[in-house]
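First the structure, in the form of structure tokens, and then the observations on it.
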Amino acid sequence: MRGDVLIAGAGPTGLVLALWLTRMGVRVRLIDETAAAGTTSRALAVQARTLELYEQMELAAPVLERGHRVAAAALWVKGERAARVPLERIGSGLTRYGFMLVYPQDEHERLLIERLSQLGVAVERRTELVDFSEQQERIVARLRRADGTEERCEVSYLAGCDGAHSAVRARLGTGFPGGTYRQLFYVADVDAAGPSINGELNIDLDQSDLLAVFPLAGRGRARLVGTLRDERSEHPELLTFEDVSSRAIEHLKLSVARVNWFSTYRVHHRVAEHFSAGRVFLLGDAAHIHSPAGGQGMNTGIGDAINLAWKLAAVLHARAAPSLLDSYERERLRFARRLVATTDRVFTLASSQGALANVVRTRVVPWLAPIVMRQHAAREFLFRTVSQLSLNYRTGPLSRGRAGAVHGGDRLPWVAADGQDNFHSLAAMRWQVHIYGVARPELSAWCLQRGLPLHIFPWGEAQAAAGLARDALYLLRPDTYVALAEPSAAVRELERYFTDQQLALGAH
Ligand SMILES: Cc1cc2nc3c(=O)[nH]c(=O)nc-3n(C[C@H](O)[C@H](O)[C@H](O)COP(=O)(O)OP(=O)(O)OC[C@H]3O[C@@H](n4cnc5c(N)ncnc54)[C@H](O)[C@@H]3O)c2cc1C
């Protein structure tokens with residue numbers, strides 16, 4: 001059987017890539033070597049930027065409905081709650097999703113699989129990608145089924161969404177430089193009671209090893225995440241929940257009724273040297289892995305998939321030159337490197353040992369955190385960073401111009417004013433133009449003639465405060481990022497953009 005894109009790996013990254021490609025009319029095959037989808041909760045945080053992009057697939061509403069909004073983070077020292085930082089409205093005014101949301105990865109994957117099957121695509125289980133080669137502008141892959149039979153599969157492109165131990169990455173021979181944390185991570189999903197089971201995030205600061213209790217949807221359900229660096233971490237296979245739970249019981253006054261899942265794992269911080277080679281791409285954990293503190297990993301894989309999907313669709317539908325695909329690595333590798341460096345710095349700092357670090361953690365942080373979080377600028381910076389709203393492709397090859405505070409490559413600022421929400425039209429997964437103010441007749445005529453949707457919003461204080469420029473032109477890509485920000489709104493600039501980028505307009 002032939003398909004346009006073979007996706008190896010049906011974790012969140014592969015599932016999202018399959019969804020977006022299918023919606024854009026690209027035929028996909030999605031294979032996974034496992035017999036069934038994962039049943040453990042793993043990544044919990046669904047960041048605001050992911051939810052915004054999920055509107056393109058009507059996925060934001062079900063994730064919100066099934067997930068849990070975290071009202072606050074409490075910092076514990078010596079068995080007492082030393083500080084509480086409200087999170088409920090931490091990003092209000094910046095996005096529709098200005099809060100922290102947790103939604104376990106297994107439920108999340110089930111939702112994506114469900115949506116994919118509604119589009120007529122099923123995950124081909126017990127099907128392993130064994131090998132592949134590029135032959136005459138095609139990828140020829142060898143797939144092996146559980147019964148040992150093999151199949152030759154010919155496609156235009158191969159997407160390696162096959163996780164941290166990626167066979168695709170290994171076959172490409174792409175380096176995966178970085179390191180491994182000394183700490184051993186453990187996770188446990190529990191049914192429990194106590195003051196730290198209150199729907200909030202509870203973090204114990206007493207020791208340099210991390211211990212946090214995340215709320216899950218449903219009464220009395222929580223996830224414990226911790227690290228160990230003592231001798232117990234030498235033999236993780238022997239560890240049980242009982243070996244690690246005393247601190248949570250003593251420090252966070254947790255009373256555990258049932259352990260639903262317990263697991264330990266080592267965490268690496270690594271970024272692949274390349275995210276693409278010819279007709280092959282690496283996405284998600286196959287391309288980058290880092291500490292789970294900060295809840296970025298899964299969200300970044302989803303972002304990779306959405307970045308690549310429209311580019312593959314444009315090239316396969318002959319509306320873009322194949323060179324468009326080079327921008328995937330240019331845009332996503334830079335972000336992944338910065339993310340891995342940042343999570344590494346933060347994690348290393350937070351887990352540093354010694355008397356001074358102890359004082360900072362147990363005295364300074366509980367005192368300072370609520371003060372800092374009361375500062376609008378600090379709160380906004382933190383939220384924008386963690387939620388990935390500030391992720392941009394300014395230095396990428398597809399980004400051009402600046403109008404107001406908005407550069408080509410930026411996420412469009414969200415403005416909801418006078419009953420109008422400028423993100424509504426972004427659900428369309430296609431090129432479009434936004435004007436805030438008045439559009440010149442020749443621009444309207446050009447857009448109409450080319451079938452390029454033009455959305456005109458009223459100008460006002462809210463638009464100015466968001467950093468938009470009056471009457472400027474914002475050309476938006478199918479993945480909602482600003483391609484061109486042009487203060488003059490001149491048609492020739494718009495035309496030049498499409499010519500220079502060798503892009504033709506179409507539905508996607
Ligand atoms: C125990 C544990 C706890 C975690 N906790 C957190 C957390 O708290 N927060 C957080 O942000 N992240 C956490 N993570 C990481 C998070 O789960 C990953 O970032 C996320 O799953 C990455 O998604 P992915 O789709 O890129 O890769 P994966 O989810 O790893 O999916 C890869 C898929 O590819 C398949 N596959 C592999 N090789 C082949 C092949 N040759 N042929 C066919 N299929 C193949 C695999 O079966 C798998 O289904 C945790 C991970 C683990 C293991």
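Please note that chains go A, B, ... in the order of the structure tokens, that every chain numbers its residues from 1, and that ligands are numbered from 1 in the order shown.
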Can you tell me which residues surround stretch 489-497 of chain A at a distance of at most 6 Å, considering only C-alpha atoms, apart from same-chain residues fewer than 6 positions away, and format the answer as a tab-separated table (two decimals) with N, CA and C atoms, in the first residue's frame?
chain	number	residue	atom	x	y	z
A	443	LEU	N	-6.30	45.91	-1.61
A	443	LEU	CA	-5.94	44.71	-0.83
A	443	LEU	C	-7.13	43.75	-0.79
A	472	ALA	N	-2.26	47.98	9.62
A	472	ALA	CA	-1.15	47.16	9.10
A	472	ALA	C	-1.69	45.82	8.62
A	473	LEU	N	-0.86	45.13	7.86
A	473	LEU	CA	-1.28	43.83	7.33
A	473	LEU	C	-0.55	42.71	8.09
I'd like the contact shell of A:Ser233 - 10 Å cut-off, only C-alpha atoms, skipping same-chain residues fewer than 2 positions apart - returned as JSON, numbers by chain.
{"A": [182, 183, 184, 185, 186, 227, 228, 229, 230, 231, 235, 236, 237, 238, 239, 264, 265, 266]}
Write the selection just made, keeping C-alpha atoms, as a short mmCIF file (atom, residue, chain, number, x, y, z; two decimals), in the first residue's frame?
data_model
loop_
_atom_site.label_atom_id
_atom_site.label_comp_id
_atom_site.auth_asym_id
_atom_site.auth_seq_id
_atom_site.Cartn_x
_atom_site.Cartn_y
_atom_site.Cartn_z
CA ARG A 182 22.08 11.85 38.14
CA GLN A 183 18.71 11.87 39.82
CA LEU A 184 16.28 9.05 39.32
CA PHE A 185 12.72 10.25 38.66
CA TYR A 186 9.75 8.43 40.08
CA THR A 227 13.59 12.52 42.35
CA LEU A 228 16.13 10.48 44.26
CA ARG A 229 19.87 10.75 44.16
CA ASP A 230 20.88 8.55 47.07
CA GLU A 231 21.87 4.88 47.01
CA HIS A 235 18.73 -0.11 41.65
CA PRO A 236 15.54 1.45 40.34
CA GLU A 237 14.14 -1.94 39.35
CA LEU A 238 13.94 -2.88 43.04
CA LEU A 239 12.16 0.27 44.17
CA THR A 264 10.88 5.14 37.83
CA TYR A 265 12.87 6.52 34.94
CA ARG A 266 16.12 8.25 34.10
#
Each residue of chain A with at least one atom at most 7 Å from ligand 1 should appear once, together with its nearest atom pair and the corresponding distance in Å (one decimal); atoms considered: only C-alpha atoms and all ligand atoms; ordering: chain, then increasing residue number; output as a Markdown table.
| residue | atom | partner | partner_atom_place_in_ligand_line | distance |
| --- | --- | --- | --- | --- |
| A:Ala8 | CA | ligand 1 | 43 (C) | 4.9 |
| A:Gly9 | CA | ligand 1 | 34 (O) | 3.2 |
| A:Ala10 | CA | ligand 1 | 49 (O) | 4.8 |
| A:Gly11 | CA | ligand 1 | 25 (O) | 3.4 |
| A:Pro12 | CA | ligand 1 | 25 (O) | 4.1 |
| A:Thr13 | CA | ligand 1 | 25 (O) | 3.8 |
| A:Gly14 | CA | ligand 1 | 25 (O) | 5.5 |
| A:Ile31 | CA | ligand 1 | 43 (C) | 5.5 |
| A:Asp32 | CA | ligand 1 | 44 (N) | 3.6 |
| A:Glu33 | CA | ligand 1 | 44 (N) | 4.2 |
| A:Thr34 | CA | ligand 1 | 47 (O) | 5.0 |
| A:Ala37 | CA | ligand 1 | 49 (O) | 6.9 |
| A:Arg42 | CA | ligand 1 | 5 (N) | 3.7 |
| A:Ala43 | CA | ligand 1 | 9 (N) | 3.5 |
| A:Leu44 | CA | ligand 1 | 9 (N) | 5.5 |
| A:Ala45 | CA | ligand 1 | 11 (O) | 6.6 |
| A:Thr127 | CA | ligand 1 | 43 (C) | 5.9 |
| A:Glu128 | CA | ligand 1 | 42 (N) | 3.6 |
| A:Leu129 | CA | ligand 1 | 42 (N) | 3.9 |
| A:Val130 | CA | ligand 1 | 41 (N) | 5.9 |
| A:Cys161 | CA | ligand 1 | 26 (O) | 5.5 |
| A:Asp162 | CA | ligand 1 | 34 (O) | 3.4 |
| A:Gly163 | CA | ligand 1 | 30 (O) | 3.6 |
| A:Ala164 | CA | ligand 1 | 30 (O) | 6.0 |
| A:His165 | CA | ligand 1 | 38 (N) | 6.8 |
| A:Ser166 | CA | ligand 1 | 38 (N) | 5.6 |
| A:Ala167 | CA | ligand 1 | 41 (N) | 5.1 |
| A:Val187 | CA | ligand 1 | 3 (C) | 6.6 |
| A:Ser263 | CA | ligand 1 | 1 (C) | 5.8 |
| A:Thr264 | CA | ligand 1 | 1 (C) | 6.3 |
| A:Tyr265 | CA | ligand 1 | 1 (C) | 5.8 |
| A:Leu283 | CA | ligand 1 | 26 (O) | 6.4 |
| A:Gly284 | CA | ligand 1 | 26 (O) | 3.5 |
| A:Asp285 | CA | ligand 1 | 26 (O) | 4.0 |
| A:Ala286 | CA | ligand 1 | 26 (O) | 6.1 |
| A:Ile289 | CA | ligand 1 | 19 (O) | 6.9 |
| A:Pro292 | CA | ligand 1 | 9 (N) | 4.3 |
| A:Ala293 | CA | ligand 1 | 9 (N) | 6.8 |
| A:Gly295 | CA | ligand 1 | 11 (O) | 4.0 |
| A:Gln296 | CA | ligand 1 | 11 (O) | 5.1 |
| A:Gly297 | CA | ligand 1 | 19 (O) | 4.2 |
| A:Met298 | CA | ligand 1 | 19 (O) | 4.1 |
| A:Gly301 | CA | ligand 1 | 26 (O) | 5.3 |
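Comparing A:Val267, A:Leu398, A:Ala504, A:Leu51 by their smallest distance to A:Thr180, the closest is A:Val267 (using only C-alpha atoms).
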From stretch 58-258 of chain A, collect each residue whose DSSP state is alpha helix (DSSP H) and return the set as a PyMOL selection string.
chain A and resi 60-66+105-118+167-172+241-244+246-251
In stretch 33-241 of chain A, what's strand (DSSP E) per DSSP? Answer as a PyMOL selection string?
chain A and resi 45-46+68-70+72-77+80-86+100-102+127-135+138-145+150-160+178-193+201-204+211-215+221-228
Within 7 Å of stretch 143-159 of chain A using only C-alpha atoms, minus same-chain residues under 3 positions, as a PyMOL selection string:
chain A and resi 1-8+126-130+138-140+279-282
Please provide the set of residues having any atom within 9 Å of A:Glu329, restricted to only C-alpha atoms, with same-chain residues fewer than 6 positions apart removed, written as a PyMOL selection string.
chain A and resi 274-276+281
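Nearest residue to A:Arg232 among A:Glu65, A:Ile203, A:Tyr54, A:Val244 is A:Val244, counting only C-alpha atoms.
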Within 10 Å of stretch 399-412 of chain A, counting only C-alpha atoms, which residues qualify if same-chain residues fewer than 5 places away don't, as number ranges by chain?
A: 49, 331, 388-394, 422-423, 426, 434, 464-477, 479-489, 493, 497
Rounded to one decimal place, report the atom CA of A:Ser387-atom CA of A:Ala48 distance in Å.
5.2 Å
